[in-house]
>>> print(open('query-v2.cif').read())   # mmCIF, C-alpha atoms
data_model
#
loop_
_atom_site.label_atom_id
_atom_site.label_comp_id
_atom_site.auth_asym_id
_atom_site.auth_seq_id
_atom_site.Cartn_x
_atom_site.Cartn_y
_atom_site.Cartn_z
CA MET A 1 24.81 -15.35 -7.11
CA GLU A 2 27.27 -12.50 -6.72
CA GLU A 3 26.33 -9.79 -4.26
CA SER A 4 26.57 -6.21 -5.50
CA THR A 5 28.54 -3.84 -3.32
CA GLN A 6 27.19 -0.70 -5.01
CA GLN A 7 23.86 0.89 -4.23
CA GLU A 8 21.92 1.55 -7.39
CA THR A 9 19.80 4.70 -7.42
CA ILE A 10 16.41 4.55 -9.04
CA SER A 11 14.39 7.64 -9.87
CA LEU A 12 10.60 7.45 -10.05
CA VAL A 13 8.09 10.12 -10.95
CA PRO A 14 4.63 10.01 -9.33
CA ILE A 15 1.74 9.44 -11.74
CA GLY A 16 -0.79 10.94 -9.35
CA ARG A 17 -1.75 11.76 -5.77
CA VAL A 18 -4.18 10.48 -3.16
CA THR A 19 -6.99 12.66 -1.84
CA ASN A 20 -8.94 11.40 1.17
CA GLY A 21 -8.60 13.92 4.01
CA VAL A 22 -6.82 11.38 6.25
CA GLU A 23 -3.86 13.13 7.86
CA TYR A 24 -0.71 11.55 9.30
CA PRO A 25 -0.49 10.20 11.91
CA GLY A 26 -3.89 8.70 12.16
CA ASP A 27 -5.55 5.69 13.66
CA VAL A 28 -8.02 4.68 11.00
CA ARG A 29 -9.71 1.53 9.69
CA TRP A 30 -8.37 1.73 6.15
CA GLU A 31 -10.88 -0.75 4.74
CA THR A 32 -13.59 1.88 5.31
CA VAL A 33 -11.73 4.81 3.73
CA THR A 34 -12.81 6.09 0.31
CA SER A 35 -10.03 7.83 -1.58
CA GLU A 36 -9.60 9.51 -4.91
CA ILE A 37 -6.46 9.03 -6.96
CA ALA A 38 -5.96 11.93 -9.35
CA ILE A 39 -3.78 10.66 -12.18
CA SER A 40 -1.73 13.24 -14.10
CA PRO A 41 -3.95 14.52 -16.95
CA GLN A 42 -1.30 13.68 -19.57
CA LEU A 43 -1.59 10.01 -18.50
CA MET A 44 -5.41 9.86 -18.65
CA GLU A 45 -5.41 7.64 -21.77
CA ALA A 46 -3.47 5.03 -19.79
CA LEU A 47 -6.62 4.52 -17.69
CA ASP A 48 -8.79 3.49 -20.65
CA GLY A 49 -10.38 0.12 -19.90
CA ILE A 50 -9.66 0.19 -16.15
CA GLU A 51 -13.44 0.43 -15.48
CA GLY A 52 -13.79 -3.23 -16.46
CA PHE A 53 -11.99 -4.29 -13.28
CA SER A 54 -13.59 -4.44 -9.83
CA HIS A 55 -10.24 -4.12 -8.06
CA VAL A 56 -6.88 -2.53 -8.80
CA VAL A 57 -3.41 -2.69 -7.28
CA VAL A 58 -2.08 0.70 -6.19
CA ILE A 59 1.66 1.18 -5.72
CA PHE A 60 2.60 4.30 -3.78
CA TYR A 61 5.45 6.07 -2.03
CA LEU A 62 5.24 6.19 1.78
CA HIS A 63 6.34 9.82 1.95
CA LYS A 64 5.49 10.29 5.64
CA VAL A 65 7.90 7.64 6.98
CA ASP A 66 10.85 9.23 8.80
CA GLU A 67 14.20 8.68 7.10
CA ASP A 68 15.80 7.34 10.32
CA ARG A 69 13.08 4.70 10.79
CA ARG A 70 13.81 3.25 7.33
CA SER A 71 16.95 1.63 8.75
CA LEU A 72 14.97 -0.57 11.17
CA LEU A 73 15.21 -4.19 10.12
CA LYS A 74 12.89 -5.70 12.74
CA VAL A 75 9.54 -4.53 14.09
CA HIS A 76 6.67 -5.71 16.23
CA PRO A 77 3.72 -5.86 13.78
CA GLU A 78 1.59 -2.73 14.25
CA ASN A 79 3.86 -1.81 17.20
CA ARG A 80 2.17 -4.50 19.32
CA GLU A 81 4.64 -5.76 21.91
CA GLU A 82 2.55 -8.95 22.40
CA LEU A 83 3.41 -9.98 18.84
CA PRO A 84 6.86 -11.30 17.92
CA LEU A 85 9.72 -9.15 16.69
CA VAL A 86 10.01 -10.02 13.01
CA GLY A 87 11.89 -8.75 9.98
CA VAL A 88 10.23 -5.87 8.13
CA PHE A 89 10.06 -7.99 4.97
CA ALA A 90 7.74 -10.36 6.90
CA THR A 91 5.29 -7.49 7.57
CA ARG A 92 3.27 -4.83 5.80
CA SER A 93 4.85 -2.20 8.04
CA PRO A 94 5.50 1.19 6.40
CA VAL A 95 8.92 1.13 8.10
CA ARG A 96 11.15 -0.42 5.43
CA PRO A 97 14.34 0.28 3.49
CA ASN A 98 12.37 1.45 0.44
CA PRO A 99 9.14 3.10 1.61
CA ILE A 100 6.84 1.64 -1.03
CA GLY A 101 3.26 0.62 -0.32
CA VAL A 102 1.18 -1.84 -2.34
CA THR A 103 -2.54 -2.30 -1.74
CA VAL A 104 -5.37 -4.02 -3.57
CA VAL A 105 -8.43 -1.75 -3.49
CA LYS A 106 -11.99 -1.83 -4.76
CA LEU A 107 -12.43 0.41 -7.79
CA LEU A 108 -15.68 2.29 -7.22
CA GLU A 109 -15.60 4.47 -10.33
CA ARG A 110 -13.51 6.38 -12.82
CA GLN A 111 -14.26 9.97 -13.75
CA GLY A 112 -11.78 11.17 -16.35
CA ASN A 113 -8.36 11.06 -14.73
CA VAL A 114 -9.71 10.35 -11.22
CA LEU A 115 -10.15 6.89 -9.73
CA LYS A 116 -12.42 6.55 -6.70
CA VAL A 117 -11.33 3.58 -4.58
CA LEU A 118 -12.18 1.90 -1.28
CA GLY A 119 -9.57 0.57 1.16
CA LEU A 120 -6.40 2.41 0.15
CA ASP A 121 -4.10 2.66 3.19
CA ALA A 122 -2.41 5.88 2.11
CA TYR A 123 -2.59 9.33 3.67
CA HIS A 124 -3.87 12.46 1.96
CA GLY A 125 -1.28 13.69 -0.54
CA THR A 126 0.52 10.36 -0.95
CA PRO A 127 2.33 10.10 -4.30
CA VAL A 128 1.06 7.23 -6.45
CA LEU A 129 3.68 5.41 -8.54
CA ASP A 130 1.52 2.96 -10.53
CA VAL A 131 -1.93 1.40 -10.88
CA LYS A 132 -2.45 -2.11 -12.21
CA PRO A 133 -5.55 -4.28 -12.57
CA TYR A 134 -6.04 -7.03 -9.98
CA LEU A 135 -6.28 -10.39 -11.72
CA ARG A 136 -7.96 -13.41 -10.14
CA ARG A 137 -5.71 -15.62 -12.23
CA GLY A 138 -2.19 -14.94 -11.03
CA ASP A 139 -2.88 -12.58 -8.12
CA LEU A 140 -5.18 -14.85 -6.09
CA ILE A 141 -3.28 -17.71 -4.48
CA GLU A 142 -5.79 -20.01 -2.77
CA GLU A 143 -3.18 -22.11 -0.94
CA ALA A 144 -1.25 -19.15 0.51
CA THR A 145 -0.25 -19.58 4.15
CA MET A 146 0.42 -17.07 6.93
CA PRO A 147 2.16 -17.21 10.33
CA ASP A 148 0.14 -17.62 13.53
CA TRP A 149 1.06 -14.12 14.77
CA LEU A 150 -0.77 -12.56 11.80
CA LEU A 151 -3.92 -14.56 12.52
CA ARG A 152 -3.69 -13.39 16.18
CA LEU A 153 -3.31 -9.78 15.00
CA TRP A 154 -6.44 -10.05 12.86
CA GLU A 155 -8.35 -11.50 15.82
CA LEU A 156 -7.22 -8.58 17.98
CA GLN A 157 -8.32 -6.11 15.28
CA ASP A 158 -11.69 -7.79 14.92
CA ASP A 159 -12.17 -7.60 18.71
CA GLY A 160 -11.51 -3.84 18.59
CA HIS A 161 -8.08 -3.92 20.27
#
>>> encode(input="query-v2.cif", output="structure tokens")
Amino acid sequence: MEESTQQETISLVPIGRVTNGVEYPGDVRWETVTSEIAISPQLMEALDGIEGFSHVVVIFYLHKVDEDRRSLLKVHPENREELPLVGVFATRSPVRPNPIGVTVVKLLERQGNVLKVLGLDAYHGTPVLDVKPYLRRGDLIEEATMPDWLLRLWELQDDGH
């Protein structure tokens, strides 16, 4: 495969914004946060049928990440020095070359052009790029594996550290 030497520029337009009152920076347990995603009114028809899904995938722009931090290629997960230094593509860190977040959330309800969701790890005002239904067939991979450091991180989080 030939490597491209040119950087291609891609332009995206947000389809909506997050409202949840959580300001940056903030230490918060995202799985407990209820957010509203206000989709642009002219796109409201695109939401028709979304109510049939219990969960949706939200793709958003990490607009609060500093430009200079986007050049970091390795991080300690969640800035924990006791965890190994790994490449950003091996983490869910917001510090990445393209500051794009992807999260599966519980869809609580739809009211017109507003989706109420639980567990979205995005700050108040975050631009939303897309919403897609979560599909058990295709999205759920039963045999997926994870490195030991991630299991240790989850144990630390569960212990309140």
>>> closest_atom_pairs(input="query-v2.cif", of="range 97-128 of chain A", to="range 6-15 of chain A", cutoff="12 Å", atoms="all atoms listed in the file", output="tab-separated table")
residue	atom	partner	partner_atom	distance
A:Asn98	CA	A:Ile10	CA	10.8
A:Ile100	CA	A:Leu12	CA	11.4
A:Asn113	CA	A:Ile15	CA	10.7
A:Val114	CA	A:Ile15	CA	11.5
A:Gly125	CA	A:Pro14	CA	11.2
A:Thr126	CA	A:Pro14	CA	9.3
A:Pro127	CA	A:Pro14	CA	5.5
A:Val128	CA	A:Pro14	CA	5.4
>>> write_last_selection(input="query-v2.cif", atoms="C-alpha atoms", output="mmCIF file, in the coordinates of the input")
data_model
loop_
_atom_site.group_PDB
_atom_site.id
_atom_site.type_symbol
_atom_site.label_atom_id
_atom_site.label_comp_id
_atom_site.auth_asym_id
_atom_site.auth_seq_id
_atom_site.Cartn_x
_atom_site.Cartn_y
_atom_site.Cartn_z
ATOM 1 C CA ASN A 98 12.370 1.450 0.440
ATOM 2 C CA ILE A 100 6.840 1.640 -1.030
ATOM 3 C CA ASN A 113 -8.360 11.060 -14.730
ATOM 4 C CA VAL A 114 -9.710 10.350 -11.220
ATOM 5 C CA GLY A 125 -1.280 13.690 -0.540
ATOM 6 C CA THR A 126 0.520 10.360 -0.950
ATOM 7 C CA PRO A 127 2.330 10.100 -4.300
ATOM 8 C CA VAL A 128 1.060 7.230 -6.450
#
>>> closest_residue(input="query-v2.cif", among="A:Asp159, A:Asp121, A:Glu143, A:Glu109", to="Ser54 in chain A", atoms="only C-alpha atoms")
A:Glu109
>>> resolve_selection(input="query-v2.cif", expression="the PyMOL selection byres ((chain A and resi 39) around 8)", output="list of chain:residue names")
A:Ile15, A:Gly16, A:Arg17, A:Ile37, A:Ala38, A:Ser40, A:Pro41, A:Leu43, A:Met44, A:Asn113, A:Val114, A:Leu115
>>> resolve_selection(input="query-v2.cif", expression="the PyMOL selection byres ((chain A and resi 92-95) around 6)", output="PyMOL selection string")
chain A and resi 70+91+96
>>> closest_residue(input="query-v2.cif", among="A:Ala46, A:Ala90, A:Val22, A:Val56", to="Pro77 in chain A", atoms="all atoms listed in the file")
A:Ala90
>>> closest_residue(input="query-v2.cif", among="A:Gly52, A:Gly138, A:Pro84, A:Gly112", to="Leu153 in chain A", atoms="all atoms listed in the file")
A:Pro84
>>> closest_residue(input="query-v2.cif", among="A:Arg137, A:Arg29, A:Arg110, A:Val117", to="Asp158 in chain A", atoms="only C-alpha atoms")
A:Arg29
>>> atom_distance(input="query-v2.cif", atom1="CA of Ser35 in chain A", atom2="CA of Ala122 in chain A")
8.7 Å
>>> residues_around(input="query-v2.cif", residues="Lys74 in chain A", least_positions_apart="2", cutoff="7 Å", atoms="only C-alpha atoms", output="ChimeraX atom specification")
/A:72,85-88
>>> closest_residue(input="query-v2.cif", among="A:Asp48, A:Leu83, A:Leu62, A:Thr19", to="Asp148 in chain A", atoms="all atoms listed in the file")
A:Leu83
>>> closest_residue(input="query-v2.cif", among="A:Leu156, A:Leu108, A:Leu151, A:Leu129", to="Phe53 in chain A", atoms="all atoms listed in the file")
A:Leu108
>>> atom_distance(input="query-v2.cif", atom1="CA of Gly101 in chain A", atom2="CA of Val58 in chain A")
7.9 Å
>>> atom_distance(input="query-v2.cif", atom1="CA of Tyr61 in chain A", atom2="CA of Tyr123 in chain A")
10.4 Å
>>> resolve_selection(input="query-v2.cif", expression="the PyMOL selection byres ((chain A and resi 131) around 6)", output="list in words")
Val57, Val58, Asp130 and Lys132 of chain A
